[in-house]
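What follows is structure-v3.pdb (PDB, C-alpha atoms and all ligand atoms).
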```pdb
ATOM      1  CA  MET A   1     -12.320 -26.569   3.832
ATOM      2  CA  TYR A   2     -10.603 -23.764   5.777
ATOM      3  CA  GLU A   3     -11.281 -22.639   9.357
ATOM      4  CA  THR A   4     -10.080 -19.012   9.337
ATOM      5  CA  ILE A   5     -10.078 -18.018   5.672
ATOM      6  CA  SER A   6     -12.300 -18.601   2.687
ATOM      7  CA  ALA A   7     -11.073 -19.133  -0.830
ATOM      8  CA  GLU A   8     -13.217 -19.057  -3.922
ATOM      9  CA  LEU A   9     -12.415 -19.234  -7.611
ATOM     10  CA  VAL A  10     -14.386 -16.552  -9.459
ATOM     11  CA  GLY A  11     -13.667 -17.002 -13.149
ATOM     12  CA  LYS A  12      -9.879 -17.217 -13.224
ATOM     13  CA  ILE A  13      -9.343 -15.147 -10.066
ATOM     14  CA  TYR A  14      -8.914 -16.839  -6.682
ATOM     15  CA  ILE A  15     -10.367 -14.667  -3.923
ATOM     16  CA  ILE A  16      -8.778 -15.386  -0.549
ATOM     17  CA  THR A  17     -10.597 -13.744   2.359
ATOM     18  CA  ILE A  18      -9.330 -13.700   5.929
ATOM     19  CA  ASN A  19     -12.379 -14.579   7.929
ATOM     20  CA  ARG A  20     -12.121 -13.506  11.574
ATOM     21  CA  PRO A  21     -14.091 -10.244  11.436
ATOM     22  CA  ASP A  22     -14.809 -10.236  15.195
ATOM     23  CA  LYS A  23     -11.011 -10.092  15.765
ATOM     24  CA  LEU A  24     -10.496  -7.630  12.914
ATOM     25  CA  ASN A  25      -8.993 -10.519  10.920
ATOM     26  CA  ALA A  26      -5.945 -10.768  13.191
ATOM     27  CA  LEU A  27      -3.433 -13.285  11.863
ATOM     28  CA  ASN A  28      -3.130 -16.206  14.252
ATOM     29  CA  LYS A  29      -1.103 -19.338  13.481
ATOM     30  CA  THR A  30      -4.040 -20.990  11.750
ATOM     31  CA  VAL A  31      -4.594 -17.998   9.466
ATOM     32  CA  ILE A  32      -0.918 -17.979   8.518
ATOM     33  CA  ARG A  33      -0.918 -21.734   7.833
ATOM     34  CA  GLU A  34      -4.149 -21.564   5.835
ATOM     35  CA  LEU A  35      -2.930 -18.544   3.837
ATOM     36  CA  GLY A  36       0.128 -20.627   2.972
ATOM     37  CA  GLU A  37      -2.083 -23.488   1.797
ATOM     38  CA  ALA A  38      -4.261 -21.146  -0.295
ATOM     39  CA  VAL A  39      -1.153 -19.665  -1.904
ATOM     40  CA  ASP A  40       0.104 -23.191  -2.682
ATOM     41  CA  GLU A  41      -3.177 -23.627  -4.536
ATOM     42  CA  VAL A  42      -2.453 -20.440  -6.533
ATOM     43  CA  TYR A  43       0.900 -21.915  -7.575
ATOM     44  CA  GLU A  44      -0.439 -25.368  -8.424
ATOM     45  CA  ASN A  45      -3.954 -24.976  -9.833
ATOM     46  CA  PRO A  46      -3.843 -24.183 -13.567
ATOM     47  CA  LEU A  47      -7.407 -22.807 -13.416
ATOM     48  CA  ILE A  48      -6.165 -19.968 -11.164
ATOM     49  CA  HIS A  49      -4.580 -17.111 -13.110
ATOM     50  CA  ALA A  50      -4.458 -14.480 -10.348
ATOM     51  CA  ALA A  51      -5.475 -13.977  -6.729
ATOM     52  CA  ILE A  52      -6.830 -11.287  -4.450
ATOM     53  CA  ILE A  53      -6.251 -11.271  -0.703
ATOM     54  CA  THR A  54      -8.783  -9.293   1.320
ATOM     55  CA  GLY A  55     -10.450  -9.235   4.749
ATOM     56  CA  SER A  56     -14.008 -10.090   5.700
ATOM     57  CA  GLY A  57     -16.304  -7.461   7.148
ATOM     58  CA  ASN A  58     -16.032  -3.754   6.529
ATOM     59  CA  ARG A  59     -13.475  -2.762   9.169
ATOM     60  CA  ALA A  60     -10.253  -4.637   8.558
ATOM     61  CA  PHE A  61      -7.981  -6.254   6.016
ATOM     62  CA  ALA A  62      -6.028  -7.593   9.020
ATOM     63  CA  ALA A  63      -5.314  -5.651  12.236
ATOM     64  CA  GLY A  64      -2.044  -7.468  12.795
ATOM     65  CA  ALA A  65      -0.589 -10.679  14.038
ATOM     66  CA  ASP A  66      -2.778 -12.031  16.845
ATOM     67  CA  ILE A  67      -1.434 -10.305  19.942
ATOM     68  CA  ARG A  68      -2.913 -13.044  22.132
ATOM     69  CA  GLY A  69      -0.410 -15.462  20.574
ATOM     70  CA  PHE A  70       2.523 -13.278  21.731
ATOM     71  CA  ALA A  71       1.959 -13.742  25.452
ATOM     72  CA  GLY A  72       4.756 -15.673  27.144
ATOM     73  CA  LEU A  73       6.780 -16.368  23.987
ATOM     74  CA  SER A  74      10.475 -17.135  24.448
ATOM     75  CA  LYS A  75      13.139 -15.647  22.190
ATOM     76  CA  GLU A  76      13.311 -18.912  20.217
ATOM     77  CA  GLU A  77       9.534 -19.082  19.875
ATOM     78  CA  GLY A  78       9.522 -15.457  18.671
ATOM     79  CA  ILE A  79      12.044 -16.320  15.969
ATOM     80  CA  LEU A  80       9.975 -19.337  14.918
ATOM     81  CA  LEU A  81       6.765 -17.264  14.774
ATOM     82  CA  ALA A  82       8.470 -14.648  12.598
ATOM     83  CA  LYS A  83       9.919 -17.306  10.322
ATOM     84  CA  GLN A  84       6.571 -19.029   9.798
ATOM     85  CA  GLY A  85       4.976 -15.750   8.675
ATOM     86  CA  MET A  86       7.962 -14.726   6.577
ATOM     87  CA  ASP A  87       7.973 -18.044   4.702
ATOM     88  CA  VAL A  88       4.328 -17.608   3.692
ATOM     89  CA  PHE A  89       4.878 -13.959   2.755
ATOM     90  CA  PHE A  90       7.922 -14.856   0.593
ATOM     91  CA  LYS A  91       5.743 -17.440  -1.117
ATOM     92  CA  ILE A  92       3.187 -14.707  -1.898
ATOM     93  CA  GLU A  93       5.869 -12.280  -3.116
ATOM     94  CA  ASN A  94       7.488 -14.875  -5.378
ATOM     95  CA  ALA A  95       4.262 -16.336  -6.751
ATOM     96  CA  PRO A  96       4.346 -16.775 -10.544
ATOM     97  CA  LYS A  97       0.831 -15.332 -10.833
ATOM     98  CA  PRO A  98      -0.241 -11.865  -9.629
ATOM     99  CA  ILE A  99      -1.509 -11.711  -6.049
ATOM    100  CA  VAL A 100      -3.017  -8.341  -5.149
ATOM    101  CA  ALA A 101      -4.117  -7.029  -1.756
ATOM    102  CA  ALA A 102      -7.569  -5.413  -1.676
ATOM    103  CA  VAL A 103      -7.219  -3.490   1.576
ATOM    104  CA  ASN A 104     -10.648  -2.833   3.060
ATOM    105  CA  GLY A 105      -9.791  -1.182   6.393
ATOM    106  CA  PHE A 106      -7.069  -1.691   8.997
ATOM    107  CA  ALA A 107      -3.837  -3.183   7.641
ATOM    108  CA  LEU A 108      -1.713  -2.946  10.762
ATOM    109  CA  GLY A 109       1.373  -4.835  11.834
ATOM    110  CA  GLY A 110       1.265  -8.266  10.199
ATOM    111  CA  GLY A 111      -1.715  -7.056   8.135
ATOM    112  CA  CYS A 112       0.396  -4.268   6.648
ATOM    113  CA  GLU A 113       3.212  -6.771   6.097
ATOM    114  CA  LEU A 114       0.820  -9.176   4.360
ATOM    115  CA  ALA A 115      -0.426  -6.391   2.074
ATOM    116  CA  MET A 116       3.191  -5.423   1.327
ATOM    117  CA  ALA A 117       4.085  -9.033   0.428
ATOM    118  CA  CYS A 118       1.411  -8.912  -2.293
ATOM    119  CA  HIS A 119       2.478  -7.722  -5.745
ATOM    120  CA  PHE A 120       0.585  -4.476  -5.328
ATOM    121  CA  ARG A 121      -2.158  -2.945  -3.243
ATOM    122  CA  ILE A 122      -5.517  -1.274  -3.880
ATOM    123  CA  CYS A 123      -7.331   0.177  -0.880
ATOM    124  CA  ASN A 124     -10.590   1.803  -0.004
ATOM    125  CA  GLU A 125     -10.973   5.234   1.576
ATOM    126  CA  THR A 126     -11.178   3.795   5.096
ATOM    127  CA  ALA A 127      -7.887   1.890   4.888
ATOM    128  CA  GLN A 128      -5.228   2.498   7.501
ATOM    129  CA  PHE A 129      -1.759   1.038   7.183
ATOM    130  CA  GLY A 130       0.849   1.013   9.925
ATOM    131  CA  GLN A 131       3.395  -0.872  11.975
ATOM    132  CA  PRO A 132       2.293  -0.274  15.586
ATOM    133  CA  GLU A 133       4.489  -3.044  17.083
ATOM    134  CA  ILE A 134       6.565  -0.391  18.859
ATOM    135  CA  ASN A 135       3.563   0.187  21.154
ATOM    136  CA  LEU A 136       3.951  -3.406  22.356
ATOM    137  CA  GLY A 137       7.713  -3.141  22.840
ATOM    138  CA  LEU A 138       8.235  -5.039  19.592
ATOM    139  CA  ILE A 139       9.459  -4.521  16.064
ATOM    140  CA  PRO A 140       7.790  -5.757  12.858
ATOM    141  CA  GLY A 141       8.548  -9.455  12.321
ATOM    142  CA  TYR A 142       6.980 -10.476   9.025
ATOM    143  CA  GLY A 143       9.271  -8.438   6.771
ATOM    144  CA  GLY A 144       7.917  -4.972   7.614
ATOM    145  CA  THR A 145      11.265  -3.297   8.273
ATOM    146  CA  GLN A 146      12.494  -4.444   4.865
ATOM    147  CA  ARG A 147       9.500  -4.033   2.565
ATOM    148  CA  LEU A 148       8.229  -0.768   4.060
ATOM    149  CA  THR A 149      11.710   0.742   3.713
ATOM    150  CA  ARG A 150      11.941  -0.450   0.126
ATOM    151  CA  TYR A 151       8.508   0.918  -0.741
ATOM    152  CA  ILE A 152       8.442   4.311   0.994
ATOM    153  CA  GLY A 153      12.104   5.035   1.791
ATOM    154  CA  LYS A 154      14.162   4.994   4.983
ATOM    155  CA  GLY A 155      13.046   8.263   6.578
ATOM    156  CA  PRO A 156       9.283   7.728   6.188
ATOM    157  CA  ALA A 157       9.622   4.024   7.121
ATOM    158  CA  LEU A 158      11.502   4.816  10.296
ATOM    159  CA  GLU A 159       8.947   7.470  11.240
ATOM    160  CA  VAL A 160       6.086   4.992  10.709
ATOM    161  CA  ILE A 161       7.850   2.176  12.606
ATOM    162  CA  LEU A 162       9.204   4.312  15.455
ATOM    163  CA  THR A 163       6.026   6.324  16.110
ATOM    164  CA  GLY A 164       3.599   3.472  15.396
ATOM    165  CA  ASN A 165       1.321   6.071  13.779
ATOM    166  CA  PRO A 166      -1.134   4.889  11.125
ATOM    167  CA  ILE A 167      -0.878   5.855   7.454
ATOM    168  CA  ASN A 168      -4.261   6.794   6.012
ATOM    169  CA  ALA A 169      -5.282   5.984   2.445
ATOM    170  CA  THR A 170      -4.295   9.385   1.044
ATOM    171  CA  LEU A 171      -0.839   9.256   2.620
ATOM    172  CA  ALA A 172      -0.440   5.642   1.479
ATOM    173  CA  LEU A 173      -1.153   6.771  -2.097
ATOM    174  CA  HIS A 174       1.314   9.642  -1.693
ATOM    175  CA  TYR A 175       3.981   7.183  -0.491
ATOM    176  CA  GLY A 176       3.264   4.800  -3.377
ATOM    177  CA  LEU A 177       2.276   2.099  -0.919
ATOM    178  CA  VAL A 178      -1.048   1.681  -2.747
ATOM    179  CA  ASN A 179      -1.765   2.062  -6.445
ATOM    180  CA  HIS A 180      -5.384   3.237  -6.187
ATOM    181  CA  ILE A 181      -7.970   4.328  -3.613
ATOM    182  CA  THR A 182     -11.609   3.421  -4.210
ATOM    183  CA  ALA A 183     -14.958   3.857  -2.513
ATOM    184  CA  PRO A 184     -15.549   0.849  -0.223
ATOM    185  CA  GLU A 185     -18.183  -0.683  -2.519
ATOM    186  CA  GLU A 186     -15.873  -0.379  -5.536
ATOM    187  CA  LEU A 187     -12.778  -2.015  -4.044
ATOM    188  CA  MET A 188     -13.285  -5.566  -5.307
ATOM    189  CA  ASN A 189     -14.533  -4.458  -8.747
ATOM    190  CA  LYS A 190     -11.541  -2.176  -9.265
ATOM    191  CA  THR A 191      -9.101  -4.884  -8.141
ATOM    192  CA  LYS A 192     -10.755  -7.498 -10.346
ATOM    193  CA  SER A 193     -10.806  -5.205 -13.370
ATOM    194  CA  ILE A 194      -7.052  -4.576 -13.138
ATOM    195  CA  LEU A 195      -6.404  -8.299 -12.728
ATOM    196  CA  LEU A 196      -8.646  -9.166 -15.686
ATOM    197  CA  GLN A 197      -6.569  -6.861 -17.841
ATOM    198  CA  ILE A 198      -3.341  -8.460 -16.573
ATOM    199  CA  ILE A 199      -4.446 -12.043 -17.046
ATOM    200  CA  SER A 200      -5.335 -11.387 -20.687
ATOM    201  CA  LYS A 201      -1.560 -11.136 -21.284
ATOM    202  CA  ALA A 202       0.902 -14.000 -21.805
ATOM    203  CA  PRO A 203       1.139 -16.020 -18.553
ATOM    204  CA  LEU A 204       4.853 -16.778 -18.898
ATOM    205  CA  ALA A 205       5.649 -13.115 -19.550
ATOM    206  CA  ILE A 206       3.588 -12.233 -16.465
ATOM    207  CA  SER A 207       5.550 -14.613 -14.226
ATOM    208  CA  LYS A 208       8.897 -13.526 -15.682
ATOM    209  CA  SER A 209       7.951  -9.863 -15.171
ATOM    210  CA  ILE A 210       7.168 -10.555 -11.502
ATOM    211  CA  ALA A 211      10.449 -12.418 -11.005
ATOM    212  CA  ALA A 212      12.483  -9.666 -12.684
ATOM    213  CA  VAL A 213      10.787  -6.844 -10.754
ATOM    214  CA  ASN A 214      11.263  -8.778  -7.502
ATOM    215  CA  ALA A 215      14.974  -8.889  -8.287
ATOM    216  CA  ALA A 216      15.121  -5.082  -7.985
ATOM    217  CA  ASP A 217      15.674  -5.556  -4.255
ATOM    218  CA  GLY A 218      19.253  -4.368  -4.103
ATOM    219  CA  LYS A 219      20.454  -7.880  -3.249
ATOM    220  CA  SER A 220      20.264  -9.573  -6.623
ATOM    221  CA  ASP A 221      21.676  -8.811 -10.050
ATOM    222  CA  GLY A 222      18.305  -7.838 -11.490
ATOM    223  CA  TYR A 223      19.807  -6.683 -14.784
ATOM    224  CA  SER A 224      21.312 -10.128 -15.449
ATOM    225  CA  LEU A 225      18.063 -11.817 -14.505
ATOM    226  CA  GLU A 226      16.105  -9.488 -16.795
ATOM    227  CA  THR A 227      18.469 -10.307 -19.680
ATOM    228  CA  LYS A 228      18.082 -14.043 -19.088
ATOM    229  CA  LEU A 229      14.275 -13.921 -18.729
ATOM    230  CA  PHE A 230      13.909 -11.630 -21.767
ATOM    231  CA  GLY A 231      15.810 -14.220 -23.789
ATOM    232  CA  GLU A 232      13.708 -17.053 -22.386
ATOM    233  CA  CYS A 233      10.542 -15.341 -23.627
ATOM    234  CA  PHE A 234      11.726 -15.994 -27.202
ATOM    235  CA  ALA A 235      11.544 -19.727 -26.499
ATOM    236  CA  THR A 236       7.776 -19.461 -25.866
ATOM    237  CA  GLU A 237       4.934 -19.962 -28.331
ATOM    238  CA  ASP A 238       3.206 -16.920 -26.869
ATOM    239  CA  VAL A 239       5.891 -14.497 -28.061
ATOM    240  CA  LYS A 240       5.413 -15.806 -31.606
ATOM    241  CA  GLU A 241       1.662 -15.316 -31.221
ATOM    242  CA  GLY A 242       2.095 -11.825 -29.731
ATOM    243  CA  ILE A 243       4.343 -10.643 -32.551
ATOM    244  CA  ALA A 244       2.224 -12.299 -35.266
ATOM    245  CA  ALA A 245      -0.957 -10.758 -33.841
ATOM    246  CA  PHE A 246       0.630  -7.297 -33.840
ATOM    247  CA  LEU A 247       1.769  -7.647 -37.456
ATOM    248  CA  GLU A 248      -1.612  -9.062 -38.521
ATOM    249  CA  LYS A 249      -3.445  -6.264 -36.658
ATOM    250  CA  ARG A 250      -5.497  -8.647 -34.478
ATOM    251  CA  SER A 251      -5.736  -9.489 -30.795
ATOM    252  CA  PRO A 252      -3.312 -12.165 -29.590
ATOM    253  CA  VAL A 253      -4.565 -15.432 -28.145
ATOM    254  CA  PHE A 254      -2.057 -16.463 -25.491
ATOM    255  CA  ARG A 255      -1.881 -20.049 -24.274
ATOM    256  CA  GLY A 256       0.781 -19.942 -21.575
ATOM    257  CA  ILE A 257       3.272 -22.015 -23.562
TER     258      ILE A 257
HETATM  259  N1  LIG B 301      -4.598  -9.271  17.781
HETATM  260  C1  LIG B 301      -5.580  -9.853  18.461
HETATM  261  N2  LIG B 301      -6.822  -9.346  18.556
HETATM  262  C2  LIG B 301      -7.042  -8.181  17.924
HETATM  263  C3  LIG B 301      -6.060  -7.515  17.200
HETATM  264  C4  LIG B 301      -4.785  -8.114  17.132
HETATM  265  N3  LIG B 301      -3.771  -7.581  16.431
HETATM  266  N4  LIG B 301      -6.578  -6.366  16.703
HETATM  267  C5  LIG B 301      -7.859  -6.337  17.112
HETATM  268  N5  LIG B 301      -8.146  -7.429  17.855
HETATM  269  C6  LIG B 301      -9.426  -7.796  18.487
HETATM  270  C7  LIG B 301      -9.634  -7.031  19.773
HETATM  271  O1  LIG B 301      -8.946  -7.643  20.844
HETATM  272  C8  LIG B 301     -11.133  -7.117  19.907
HETATM  273  O2  LIG B 301     -11.462  -8.403  20.370
HETATM  274  P1  LIG B 301     -12.501  -8.581  21.600
HETATM  275  O3  LIG B 301     -13.790  -8.002  21.089
HETATM  276  O4  LIG B 301     -12.546 -10.046  21.833
HETATM  277  O5  LIG B 301     -11.926  -7.794  22.741
HETATM  278  C9  LIG B 301     -11.611  -7.035  18.448
HETATM  279  O6  LIG B 301     -10.496  -7.407  17.649
HETATM  280  C10 LIG B 301     -12.039  -5.641  18.036
HETATM  281  O7  LIG B 301     -10.963  -4.751  18.294
HETATM  282  P2  LIG B 301     -11.116  -3.415  19.172
HETATM  283  O8  LIG B 301      -9.757  -3.064  19.701
HETATM  284  O9  LIG B 301     -12.210  -3.578  20.162
HETATM  285  O10 LIG B 301     -11.579  -2.405  18.051
HETATM  286  P3  LIG B 301     -11.337  -0.829  18.026
HETATM  287  O11 LIG B 301     -12.164  -0.316  16.913
HETATM  288  O12 LIG B 301     -11.540  -0.241  19.372
HETATM  289  O13 LIG B 301      -9.777  -0.623  17.643
HETATM  290  C11 LIG B 301      -7.738  -1.091  16.476
HETATM  291  C12 LIG B 301      -9.273  -1.047  16.406
HETATM  292  C13 LIG B 301      -7.244  -1.698  15.160
HETATM  293  C14 LIG B 301      -7.183   0.318  16.621
HETATM  294  C15 LIG B 301      -7.307  -1.956  17.666
HETATM  295  O14 LIG B 301      -7.980  -3.188  17.600
HETATM  296  C16 LIG B 301      -5.822  -2.250  17.727
HETATM  297  O15 LIG B 301      -5.052  -1.388  18.082
HETATM  298  N6  LIG B 301      -5.437  -3.492  17.366
HETATM  299  C17 LIG B 301      -4.063  -3.914  17.476
HETATM  300  C18 LIG B 301      -3.258  -3.368  16.326
HETATM  301  C19 LIG B 301      -1.827  -3.810  16.468
HETATM  302  O16 LIG B 301      -1.118  -3.458  17.374
HETATM  303  N7  LIG B 301      -1.389  -4.617  15.478
HETATM  304  C20 LIG B 301      -0.056  -5.091  15.435
HETATM  305  C21 LIG B 301       0.102  -6.319  16.190
HETATM  306  S1  LIG B 301       1.751  -6.888  16.034
END
```

For this file, produce the structure as structure tokens.
Amino acid sequence: MYETISAELVGKIYIITINRPDKLNALNKTVIRELGEAVDEVYENPLIHAAIITGSGNRAFAAGADIRGFAGLSKEEGILLAKQGMDVFFKIENAPKPIVAAVNGFALGGGCELAMACHFRICNETAQFGQPEINLGLIPGYGGTQRLTRYIGKGPALEVILTGNPINATLALHYGLVNHITAPEELMNKTKSILLQIISKAPLAISKSIAAVNAADGKSDGYSLETKLFGECFATEDVKEGIAAFLEKRSPVFRGI
């Protein structure tokens, strides 16, 4: 179905794998388009409750945008390329279901930006994050200047972007860029086990939580949005079930309504 990625529904979790291991899963135009299509599926398919984005092989999540596609670009083409990636990454960030990056090696440039667009990140011990665009005479173009700064702060972000130096797994954990580090063989199990816990909760509360947390971006009135979404939860059947289950000392059965 796809040329450069694979996507498979395992239980309720959609596993999206970038599949160009010989190019360290570099993100060419086809990968970006196909990632967008797979994320549309996450939005639309009611059988999908969560997704994982990862890379094939054991070396890379994604070693960046495909540098071959940069050669000879005009200013206008550069803007278009950035916009195409940003649109897909916004779609990931604003998805109503959790999308988590399982980072299994290099996450450089656009790969780091893709991981940062996900709702959170788990990595293995070999992971390396970074924004090495400066080495090409470029700056990050898929949201890296914004999300990295938000996640690790201005000073560290500027050091990473201006030196182009990689961030290893331990430093990424220290910065809060990743939530957990695992052994390579444990990465998918750990990511799945966190998602299984999440998707046992009320789906509408999950999507409202994501929307409210996303609004903590300094641009929106996140407090107003939280108030509105908190109120909206009381119009759901699941909140009645959640409260009843607590009072009856049983596990809730959420239905997403
Ligand atoms: N774009 C296009 N191709 C890439 C790529 C990228 N971002 N990153 C790696 N590749 C390709 C290499 O060209 C090579 O292809 P080839 O075998 O046809 O020559 C293949 O992936 C393996 O990479 P290689 O450089 O040989 O592996 P390495 O182990 O020596 O080095 C890296 C690994 C990640 C350090 C190195 O590939 C690299 O620096 N990649 C670019 C990272 C980058 O600048 N990303 C940001 C782009 S905006």

Can you tell me, as AutoDock Vina command-line options, the centre and edge lengths (Å, one decimal) of the axis-aligned box enclosing all of ligand LIG 301 (chain B)'s listed atoms after padding each side by 3 Å?
```
--center_x -6.0 --center_y -4.9 --center_z 19.0 --size_x 21.5 --size_y 16.4 --size_z 13.6
```

Contact residues around Ser200 (chain A) with all atoms listed in the file at 9 Å, ignoring same-chain residues under 3 positions, as an mmCIF file with C-alpha atoms, in the coordinates of the input:
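New file out_16.cif:
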```cif
data_model
loop_
_atom_site.group_PDB
_atom_site.id
_atom_site.type_symbol
_atom_site.label_atom_id
_atom_site.label_comp_id
_atom_site.auth_asym_id
_atom_site.auth_seq_id
_atom_site.Cartn_x
_atom_site.Cartn_y
_atom_site.Cartn_z
ATOM 1 C CA LEU A 195 -6.404 -8.299 -12.728
ATOM 2 C CA LEU A 196 -8.646 -9.166 -15.686
ATOM 3 C CA GLN A 197 -6.569 -6.861 -17.841
ATOM 4 C CA PRO A 203 1.139 -16.020 -18.553
ATOM 5 C CA VAL A 253 -4.565 -15.432 -28.145
ATOM 6 C CA PHE A 254 -2.057 -16.463 -25.491
#
```

Shortest contact to Ile53 (chain A), candidates A:Gly72, A:Gly36, A:Gly222, A:Gly144, atoms counted all atoms listed in the file, goes to A:Gly36

Counting all atoms listed in the file, which residues in chain A sit no more than 7 Å from ligand LIG 301 (chain B)? For each one, give the nearest pair of atoms and the distance in Å, sorted by chain then residue number, as CSV.
```
residue,atom,partner,partner_atom,distance
A:Asp22,CA,B:LIG301,C9,5.6
A:Lys23,CA,B:LIG301,O6,3.3
A:Leu24,CA,B:LIG301,O6,4.7
A:Ala26,CA,B:LIG301,C4,4.9
A:Ala63,CA,B:LIG301,N4,4.7
A:Gly64,CA,B:LIG301,N7,4.0
A:Ala65,CA,B:LIG301,S1,4.9
A:Asp66,CA,B:LIG301,N1,3.4
A:Ile67,CA,B:LIG301,N1,4.0
A:Arg68,CA,B:LIG301,C1,5.5
A:Phe106,CA,B:LIG301,C13,6.2
A:Leu108,CA,B:LIG301,N7,5.0
A:Gly109,CA,B:LIG301,C20,3.9
A:Gly110,CA,B:LIG301,S1,6.0
A:Gln131,CA,B:LIG301,C20,6.5
A:Pro132,CA,B:LIG301,O16,5.0
A:Glu133,CA,B:LIG301,S1,4.8
A:Pro140,CA,B:LIG301,S1,6.9
```

Explicit residue set for the PyMOL selection byres (((chain A and resi 207) around 8) and not hetatm), as a ChimeraX atom specification:
/A:95-98,203-206,208-211

Report as a VMD selection string the full result of the PyMOL selection byres (((chain A and resi 235-239) around 12) and not hetatm) when it is applied to this structure.
chain A and resid 200 to 206 208 228 to 234 240 to 246 252 to 257

CA of Glu186 (chain A) to CA of Gly57 (chain A), distance in Å rounded to a single decimal
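So the two atoms, CA of Glu186 (chain A) and CA of Gly57 (chain A), lie 14.5 Å apart.
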
Give as an NGL selection string the residues that the PyMOL selection byres (((chain A and resi 15) around 9) and not hetatm) matches when applied to the coordinates above.
:A and (6-10 or 13-14 or 16-17 or 50-54)

With region 161-178 of chain A as the partner and 9 Å as the cut-off, tabulate the residues of region 49-147 of chain A that qualify, each row holding the nearest pair of atoms and their distance in Å to one decimal, using all atoms listed in the file, sorted by chain and rising number, as JSON lines.
```
{"residue": "A:Leu108", "atom": "CA", "partner": "A:Pro166", "partner_atom": "CA", "distance": 7.9}
{"residue": "A:Met116", "atom": "CA", "partner": "A:Leu177", "partner_atom": "CA", "distance": 7.9}
{"residue": "A:Phe120", "atom": "CA", "partner": "A:Val178", "partner_atom": "CA", "distance": 6.9}
{"residue": "A:Arg121", "atom": "CA", "partner": "A:Val178", "partner_atom": "CA", "distance": 4.8}
{"residue": "A:Ile122", "atom": "CA", "partner": "A:Val178", "partner_atom": "CA", "distance": 5.5}
{"residue": "A:Cys123", "atom": "CA", "partner": "A:Val178", "partner_atom": "CA", "distance": 6.7}
{"residue": "A:Asn124", "atom": "CA", "partner": "A:Ala169", "partner_atom": "CA", "distance": 7.2}
{"residue": "A:Glu125", "atom": "CA", "partner": "A:Ala169", "partner_atom": "CA", "distance": 5.8}
{"residue": "A:Thr126", "atom": "CA", "partner": "A:Ala169", "partner_atom": "CA", "distance": 6.8}
{"residue": "A:Ala127", "atom": "CA", "partner": "A:Ala169", "partner_atom": "CA", "distance": 5.4}
{"residue": "A:Gln128", "atom": "CA", "partner": "A:Asn168", "partner_atom": "CA", "distance": 4.6}
{"residue": "A:Phe129", "atom": "CA", "partner": "A:Ile167", "partner_atom": "CA", "distance": 4.9}
{"residue": "A:Gly130", "atom": "CA", "partner": "A:Pro166", "partner_atom": "CA", "distance": 4.5}
{"residue": "A:Gln131", "atom": "CA", "partner": "A:Ile161", "partner_atom": "CA", "distance": 5.4}
{"residue": "A:Pro132", "atom": "CA", "partner": "A:Gly164", "partner_atom": "CA", "distance": 4.0}
{"residue": "A:Glu133", "atom": "CA", "partner": "A:Gly164", "partner_atom": "CA", "distance": 6.8}
{"residue": "A:Ile134", "atom": "CA", "partner": "A:Gly164", "partner_atom": "CA", "distance": 6.0}
{"residue": "A:Asn135", "atom": "CA", "partner": "A:Gly164", "partner_atom": "CA", "distance": 6.6}
{"residue": "A:Ile139", "atom": "CA", "partner": "A:Ile161", "partner_atom": "CA", "distance": 7.7}
{"residue": "A:Pro140", "atom": "CA", "partner": "A:Ile161", "partner_atom": "CA", "distance": 7.9}
{"residue": "A:Gly144", "atom": "CA", "partner": "A:Ile161", "partner_atom": "CA", "distance": 8.7}
{"residue": "A:Thr145", "atom": "CA", "partner": "A:Ile161", "partner_atom": "CA", "distance": 7.8}
```

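Checking A:Gln146, A:Asn214, A:Ser251, A:Ser74 one by one against Asn94 (chain A), counting all atoms listed in the file, you find the shortest gap at A:Asn214.
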